[in-house]
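Here is model.txt, consisting of compact mmCIF, C-alpha atoms and all ligand atoms:
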# COMPACT_ATOMS: atom_id res chain seq x y z
CA MET A 40 -12.80 20.83 11.30
CA SER A 41 -13.98 17.26 10.81
CA THR A 42 -11.47 14.48 10.37
CA LEU A 43 -11.33 11.02 8.86
CA GLN A 44 -11.01 8.02 11.14
CA VAL A 45 -8.59 5.76 9.31
CA SER A 46 -7.90 2.12 9.95
CA VAL A 47 -5.52 -0.07 7.97
CA VAL A 48 -6.05 -3.79 8.49
CA THR A 49 -4.36 -6.89 7.04
CA PRO A 50 -4.96 -10.62 7.58
CA ASP A 51 -2.10 -10.43 10.14
CA GLY A 52 -3.91 -7.74 12.16
CA PRO A 53 -4.23 -3.95 12.39
CA VAL A 54 -1.36 -1.84 11.01
CA LEU A 55 -2.55 1.65 11.91
CA GLU A 56 -5.52 3.51 13.37
CA GLY A 57 -5.88 7.25 13.72
CA ASP A 58 -7.53 10.53 12.78
CA PHE A 59 -6.29 12.29 9.67
CA ASN A 60 -7.27 15.28 7.49
CA MET A 61 -6.71 13.63 4.14
CA VAL A 62 -6.05 10.19 2.62
CA SER A 63 -4.35 9.90 -0.79
CA CYS A 64 -4.11 6.54 -2.47
CA LYS A 65 -3.99 4.81 -5.81
CA ALA A 66 -7.09 2.87 -6.76
CA GLU A 67 -6.95 0.60 -9.79
CA SER A 68 -8.96 3.30 -11.61
CA GLY A 69 -6.51 6.09 -10.71
CA GLU A 70 -5.39 8.44 -7.92
CA LEU A 71 -7.91 9.19 -5.15
CA GLY A 72 -7.87 12.01 -2.63
CA ILE A 73 -10.30 11.54 0.26
CA LEU A 74 -11.30 14.47 2.44
CA PRO A 75 -13.86 14.55 5.29
CA LYS A 76 -17.49 14.32 4.08
CA HIS A 77 -16.46 12.23 1.06
CA ALA A 78 -19.29 10.25 -0.53
CA PRO A 79 -19.45 6.51 0.33
CA LEU A 80 -17.06 4.53 -1.82
CA VAL A 81 -15.52 1.08 -2.24
CA ALA A 82 -12.48 0.84 -4.54
CA PRO A 83 -9.84 -1.80 -5.26
CA LEU A 84 -6.32 -0.58 -4.49
CA ALA A 85 -3.20 -0.90 -6.62
CA ILE A 86 0.16 -2.00 -5.20
CA SER A 87 1.03 1.51 -4.10
CA ALA A 88 1.64 4.07 -1.37
CA ILE A 89 -1.08 5.42 0.92
CA ARG A 90 -0.42 8.92 2.25
CA LEU A 91 -2.19 9.99 5.43
CA LYS A 92 -2.02 13.72 6.22
CA ARG A 93 -2.53 15.22 9.65
CA ASP A 94 -1.70 18.94 10.09
CA ASN A 95 1.85 19.19 8.73
CA GLU A 96 2.71 15.52 9.09
CA THR A 97 2.38 12.81 6.45
CA GLU A 98 2.44 9.09 7.25
CA ARG A 99 3.25 6.73 4.40
CA ILE A 100 2.19 3.11 4.13
CA ALA A 101 3.06 0.60 1.42
CA VAL A 102 0.04 -1.53 0.48
CA SER A 103 0.14 -4.65 -1.68
CA GLY A 104 -3.38 -4.38 -3.08
CA GLY A 105 -6.71 -4.69 -1.29
CA PHE A 106 -9.76 -2.49 -0.86
CA LEU A 107 -10.55 0.99 0.39
CA GLU A 108 -13.95 1.72 1.89
CA VAL A 109 -15.20 5.20 2.77
CA SER A 110 -18.37 5.73 4.79
CA ASP A 111 -19.35 8.43 7.34
CA ASN A 112 -15.82 9.89 7.63
CA GLN A 113 -14.48 6.41 8.33
CA VAL A 114 -11.81 5.12 5.92
CA THR A 115 -11.07 1.41 6.11
CA ILE A 116 -8.20 -0.05 4.13
CA LEU A 117 -8.27 -3.84 3.93
CA ALA A 118 -4.89 -4.75 2.46
CA LYS A 119 -3.31 -8.08 1.54
CA ALA A 120 -0.16 -6.72 3.18
CA ALA A 121 0.69 -3.25 4.48
CA GLU A 122 3.78 -1.77 6.11
CA LYS A 123 4.33 1.63 7.68
CA GLN A 124 7.29 3.46 6.16
CA GLU A 125 9.42 2.99 9.30
CA ASP A 126 8.68 -0.77 9.43
CA ILE A 127 9.88 -1.50 5.90
CA ASN A 128 12.99 -3.64 5.77
CA LEU A 129 14.87 -2.23 2.77
CA THR A 130 17.40 -5.09 2.64
CA ARG A 131 14.55 -7.60 2.41
CA ALA A 132 12.80 -5.55 -0.30
CA GLU A 133 16.06 -5.27 -2.29
CA ALA A 134 16.49 -9.06 -2.09
CA ALA A 135 12.85 -9.63 -3.16
CA LYS A 136 13.35 -7.24 -6.10
CA LYS A 137 16.48 -9.08 -7.23
CA ARG A 138 14.77 -12.49 -6.95
CA ALA A 139 11.75 -11.27 -8.92
CA GLU A 140 13.97 -9.77 -11.64
CA GLU A 141 15.86 -13.07 -11.96
CA ARG A 142 12.58 -15.00 -12.19
CA LEU A 143 11.31 -12.61 -14.87
CA GLN A 144 14.46 -13.19 -16.93
CA SER A 145 14.22 -16.98 -16.82
CA GLN A 146 10.47 -17.60 -16.56
CA LYS A 147 8.57 -18.68 -19.68
CA ASP A 148 5.34 -19.82 -18.00
CA ALA A 149 2.77 -16.97 -18.19
CA ILE A 150 1.30 -17.46 -14.70
CA ASP A 151 4.72 -17.61 -13.03
CA HIS A 152 5.76 -14.60 -15.09
CA HIS A 153 2.74 -12.69 -13.79
CA ARG A 154 3.53 -13.74 -10.19
CA ALA A 155 7.10 -12.53 -10.59
CA GLU A 156 5.84 -9.22 -11.99
CA LEU A 157 3.58 -8.72 -8.96
CA ALA A 158 6.44 -9.62 -6.59
CA LEU A 159 8.64 -7.08 -8.40
CA ARG A 160 5.95 -4.39 -8.06
CA ARG A 161 5.56 -5.11 -4.32
CA ALA A 162 9.31 -4.87 -3.81
CA ILE A 163 9.69 -1.62 -5.80
CA ASN A 164 6.71 -0.11 -3.94
CA ARG A 165 8.31 -1.00 -0.58
CA LEU A 166 11.61 0.50 -1.67
CA ASN A 167 9.89 3.71 -2.86
CA VAL A 168 7.88 4.11 0.34
CA GLY A 169 10.76 3.08 2.60
CA ARG A 170 13.12 5.60 0.99
CA SER A 171 10.65 8.52 0.64
P1 LIG A 201 9.22 -11.45 0.44
O1 LIG A 201 9.63 -12.27 -0.76
O2 LIG A 201 10.32 -10.60 0.99
O3 LIG A 201 8.50 -12.27 1.50
P2 LIG A 201 6.62 -10.65 -0.54
O4 LIG A 201 6.23 -9.51 -1.43
O5 LIG A 201 6.43 -12.03 -1.10
O6 LIG A 201 8.14 -10.39 -0.11
P3 LIG A 201 4.27 -10.56 1.08
O7 LIG A 201 3.75 -11.93 0.81
O8 LIG A 201 3.64 -9.40 0.36
O9 LIG A 201 5.87 -10.54 0.83
O10 LIG A 201 4.21 -10.24 2.65
C1 LIG A 201 4.39 -11.25 3.64
C2 LIG A 201 4.53 -10.54 4.98
O11 LIG A 201 5.83 -9.93 5.10
C3 LIG A 201 3.54 -9.41 5.20
O12 LIG A 201 3.20 -9.36 6.57
C4 LIG A 201 4.31 -8.15 4.81
O13 LIG A 201 3.82 -7.00 5.49
C5 LIG A 201 5.73 -8.52 5.25
N1 LIG A 201 6.79 -7.93 4.43
C6 LIG A 201 7.13 -8.28 3.17
N2 LIG A 201 8.20 -7.59 2.74
C7 LIG A 201 8.55 -6.75 3.75
C8 LIG A 201 9.57 -5.76 3.92
N3 LIG A 201 10.46 -5.49 2.97
N4 LIG A 201 9.64 -5.11 5.09
C9 LIG A 201 8.74 -5.37 6.09
N5 LIG A 201 7.76 -6.29 6.00
C10 LIG A 201 7.65 -6.97 4.84

Step by step, read the file and then write its structure as structure tokens.
Amino acid sequence: MSTLQVSVVTPDGPVLEGDFNMVSCKAESGELGILPKHAPLVAPLAISAIRLKRDNETERIAVSGGFLEVSDNQVTILAKAAEKQEDINLTRAEAAKKRAEERLQSQKDAIDHHRAELALRRAINRLNVGRS
């Protein structure tokens, strides 16, 4: 059976490389499930979880937006930030969530409000992936 060669890369360097049977992710247009022989694709990613399936194992990665590219059974995820489930610091994510919630309560400026909303989404995503 053919597999997908997956690589997850951030500006800080590679996060994961490996062969998997299926990649599930959340593009801005909705949920995507990528299997071997998928048509070429480029899609912007939401702040969300990536699930990588190999036999009976599933690896989970929190991504903070970026792009997914599929071509010739190669899946490249270029993320602004990405953490494997086991590398997520839950205490840090809890603190980031609290800070963002406080900023959302007090912030009147629309741009800062939007920034706080994105920070809150990143923190909640990390908590969800880290605890799953
Ligand atoms: P914080 O306020 O805690 O820095 P943030 O959402 O502003 O959170 P980012 O700018 O998205 O953080 O990420 C900066 C770097 O820190 C990235 O390399 C990212 O992978 C890492 N990072 C952020 N939060 C966590 C976390 N809870 N656990 C592990 N790594 C994290």

Please identify every residue of chain A that has at least one atom no farther than 12 Å from an atom of ligand LIG 201 (chain A), counting only C-alpha atoms and all ligand atoms, and for each give the shortest atom pair and the distance in Å to one decimal, arranged by chain then increasing number, as a Markdown table.
| residue | atom | partner | partner_atom | distance |
| --- | --- | --- | --- | --- |
| A:Val47 | CA | A:LIG201 | O13 | 11.9 |
| A:Val48 | CA | A:LIG201 | O13 | 10.8 |
| A:Thr49 | CA | A:LIG201 | O12 | 8.0 |
| A:Pro50 | CA | A:LIG201 | O12 | 8.3 |
| A:Asp51 | CA | A:LIG201 | O12 | 6.5 |
| A:Gly52 | CA | A:LIG201 | O12 | 9.2 |
| A:Pro53 | CA | A:LIG201 | O12 | 10.9 |
| A:Val54 | CA | A:LIG201 | O13 | 9.2 |
| A:Ile86 | CA | A:LIG201 | O8 | 9.9 |
| A:Ile100 | CA | A:LIG201 | O13 | 10.3 |
| A:Ala101 | CA | A:LIG201 | O13 | 8.7 |
| A:Val102 | CA | A:LIG201 | O13 | 8.3 |
| A:Ser103 | CA | A:LIG201 | O8 | 6.2 |
| A:Gly104 | CA | A:LIG201 | O8 | 9.3 |
| A:Gly105 | CA | A:LIG201 | O8 | 11.5 |
| A:Ala118 | CA | A:LIG201 | O13 | 9.5 |
| A:Lys119 | CA | A:LIG201 | O8 | 7.2 |
| A:Ala120 | CA | A:LIG201 | O13 | 4.6 |
| A:Ala121 | CA | A:LIG201 | O13 | 5.0 |
| A:Glu122 | CA | A:LIG201 | O13 | 5.3 |
| A:Lys123 | CA | A:LIG201 | C9 | 8.4 |
| A:Gln124 | CA | A:LIG201 | C9 | 8.9 |
| A:Glu125 | CA | A:LIG201 | C9 | 9.0 |
| A:Asp126 | CA | A:LIG201 | C9 | 5.7 |
| A:Ile127 | CA | A:LIG201 | N4 | 3.7 |
| A:Asn128 | CA | A:LIG201 | N4 | 3.7 |
| A:Leu129 | CA | A:LIG201 | N3 | 5.5 |
| A:Thr130 | CA | A:LIG201 | N3 | 7.0 |
| A:Arg131 | CA | A:LIG201 | N3 | 4.6 |
| A:Ala132 | CA | A:LIG201 | N3 | 4.0 |
| A:Glu133 | CA | A:LIG201 | N3 | 7.7 |
| A:Ala134 | CA | A:LIG201 | O2 | 7.1 |
| A:Ala135 | CA | A:LIG201 | O1 | 4.8 |
| A:Lys136 | CA | A:LIG201 | O1 | 8.2 |
| A:Lys137 | CA | A:LIG201 | O1 | 9.9 |
| A:Arg138 | CA | A:LIG201 | O1 | 8.0 |
| A:Ala139 | CA | A:LIG201 | O1 | 8.5 |
| A:Glu140 | CA | A:LIG201 | O1 | 12.0 |
| A:Arg154 | CA | A:LIG201 | O5 | 9.7 |
| A:Ala155 | CA | A:LIG201 | O5 | 9.5 |
| A:Glu156 | CA | A:LIG201 | O4 | 10.6 |
| A:Leu157 | CA | A:LIG201 | O4 | 8.0 |
| A:Ala158 | CA | A:LIG201 | O4 | 5.2 |
| A:Leu159 | CA | A:LIG201 | O4 | 7.8 |
| A:Arg160 | CA | A:LIG201 | O4 | 8.4 |
| A:Arg161 | CA | A:LIG201 | O4 | 5.3 |
| A:Ala162 | CA | A:LIG201 | O4 | 6.1 |
| A:Ile163 | CA | A:LIG201 | N3 | 9.6 |
| A:Asn164 | CA | A:LIG201 | N3 | 9.5 |
| A:Arg165 | CA | A:LIG201 | N3 | 6.1 |
| A:Leu166 | CA | A:LIG201 | N3 | 7.7 |
| A:Asn167 | CA | A:LIG201 | N3 | 10.9 |
| A:Val168 | CA | A:LIG201 | N3 | 10.3 |
| A:Gly169 | CA | A:LIG201 | N3 | 8.6 |
| A:Arg170 | CA | A:LIG201 | N3 | 11.6 |

Based on the selection just made, write C-alpha atoms of those residues as a short mmCIF file (atom, residue, chain, number, x, y, z; two decimals), keeping the file's coordinate frame.
data_model
loop_
_atom_site.label_atom_id
_atom_site.label_comp_id
_atom_site.auth_asym_id
_atom_site.auth_seq_id
_atom_site.Cartn_x
_atom_site.Cartn_y
_atom_site.Cartn_z
CA VAL A 47 -5.52 -0.07 7.97
CA VAL A 48 -6.05 -3.79 8.49
CA THR A 49 -4.36 -6.89 7.04
CA PRO A 50 -4.96 -10.62 7.58
CA ASP A 51 -2.10 -10.43 10.14
CA GLY A 52 -3.91 -7.74 12.16
CA PRO A 53 -4.23 -3.95 12.39
CA VAL A 54 -1.36 -1.84 11.01
CA ILE A 86 0.16 -2.00 -5.20
CA ILE A 100 2.19 3.11 4.13
CA ALA A 101 3.06 0.60 1.42
CA VAL A 102 0.04 -1.53 0.48
CA SER A 103 0.14 -4.65 -1.68
CA GLY A 104 -3.38 -4.38 -3.08
CA GLY A 105 -6.71 -4.69 -1.29
CA ALA A 118 -4.89 -4.75 2.46
CA LYS A 119 -3.31 -8.08 1.54
CA ALA A 120 -0.16 -6.72 3.18
CA ALA A 121 0.69 -3.25 4.48
CA GLU A 122 3.78 -1.77 6.11
CA LYS A 123 4.33 1.63 7.68
CA GLN A 124 7.29 3.46 6.16
CA GLU A 125 9.42 2.99 9.30
CA ASP A 126 8.68 -0.77 9.43
CA ILE A 127 9.88 -1.50 5.90
CA ASN A 128 12.99 -3.64 5.77
CA LEU A 129 14.87 -2.23 2.77
CA THR A 130 17.40 -5.09 2.64
CA ARG A 131 14.55 -7.60 2.41
CA ALA A 132 12.80 -5.55 -0.30
CA GLU A 133 16.06 -5.27 -2.29
CA ALA A 134 16.49 -9.06 -2.09
CA ALA A 135 12.85 -9.63 -3.16
CA LYS A 136 13.35 -7.24 -6.10
CA LYS A 137 16.48 -9.08 -7.23
CA ARG A 138 14.77 -12.49 -6.95
CA ALA A 139 11.75 -11.27 -8.92
CA GLU A 140 13.97 -9.77 -11.64
CA ARG A 154 3.53 -13.74 -10.19
CA ALA A 155 7.10 -12.53 -10.59
CA GLU A 156 5.84 -9.22 -11.99
CA LEU A 157 3.58 -8.72 -8.96
CA ALA A 158 6.44 -9.62 -6.59
CA LEU A 159 8.64 -7.08 -8.40
CA ARG A 160 5.95 -4.39 -8.06
CA ARG A 161 5.56 -5.11 -4.32
CA ALA A 162 9.31 -4.87 -3.81
CA ILE A 163 9.69 -1.62 -5.80
CA ASN A 164 6.71 -0.11 -3.94
CA ARG A 165 8.31 -1.00 -0.58
CA LEU A 166 11.61 0.50 -1.67
CA ASN A 167 9.89 3.71 -2.86
CA VAL A 168 7.88 4.11 0.34
CA GLY A 169 10.76 3.08 2.60
CA ARG A 170 13.12 5.60 0.99
#

Quick one, how far is CA of Phe106 in chain A from CA of Asp151 in chain A?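 Between CA of Phe106 in chain A and CA of Asp151 in chain A the gap is 24.2 Å.
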
Give me, please, the distance in Å between CA of Val45 in chain A and CA of Glu67 in chain A, quoted to one decimal. 19.9 Å

Extract, using all atoms listed in the file, all DNA, RNA and protein residues at most 10 Å from Asp94 in chain A, discarding same-chain residues fewer than 4 positions from it, and format them as number ranges by chain. A: 59-61

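For the pair CA of Gln44 in chain A and CA of Leu107 in chain A, the separation is 12.9 Å.
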
Please provide as a PDB file with C-alpha atoms, in the coordinates of the input all residues within 6 Å of Ser63 in chain A, with the sequence filter that same-chain residues fewer than 6 positions apart are discarded (counting all atoms listed in the file).
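Saved as part_3.pdb:
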ATOM      1  CA  LEU A  71      -7.910   9.190  -5.150  1.00  0.00           C
ATOM      2  CA  GLY A  72      -7.870  12.010  -2.630  1.00  0.00           C
ATOM      3  CA  ILE A  89      -1.080   5.420   0.920  1.00  0.00           C
ATOM      4  CA  ARG A  90      -0.420   8.920   2.250  1.00  0.00           C
TER       5      ARG A  90
END

Pick out the closest residue to Asn112 in chain A from this set: A:Arg99, A:Val81, A:Pro75, A:Asp58. Count all atoms listed in the file. A:Pro75
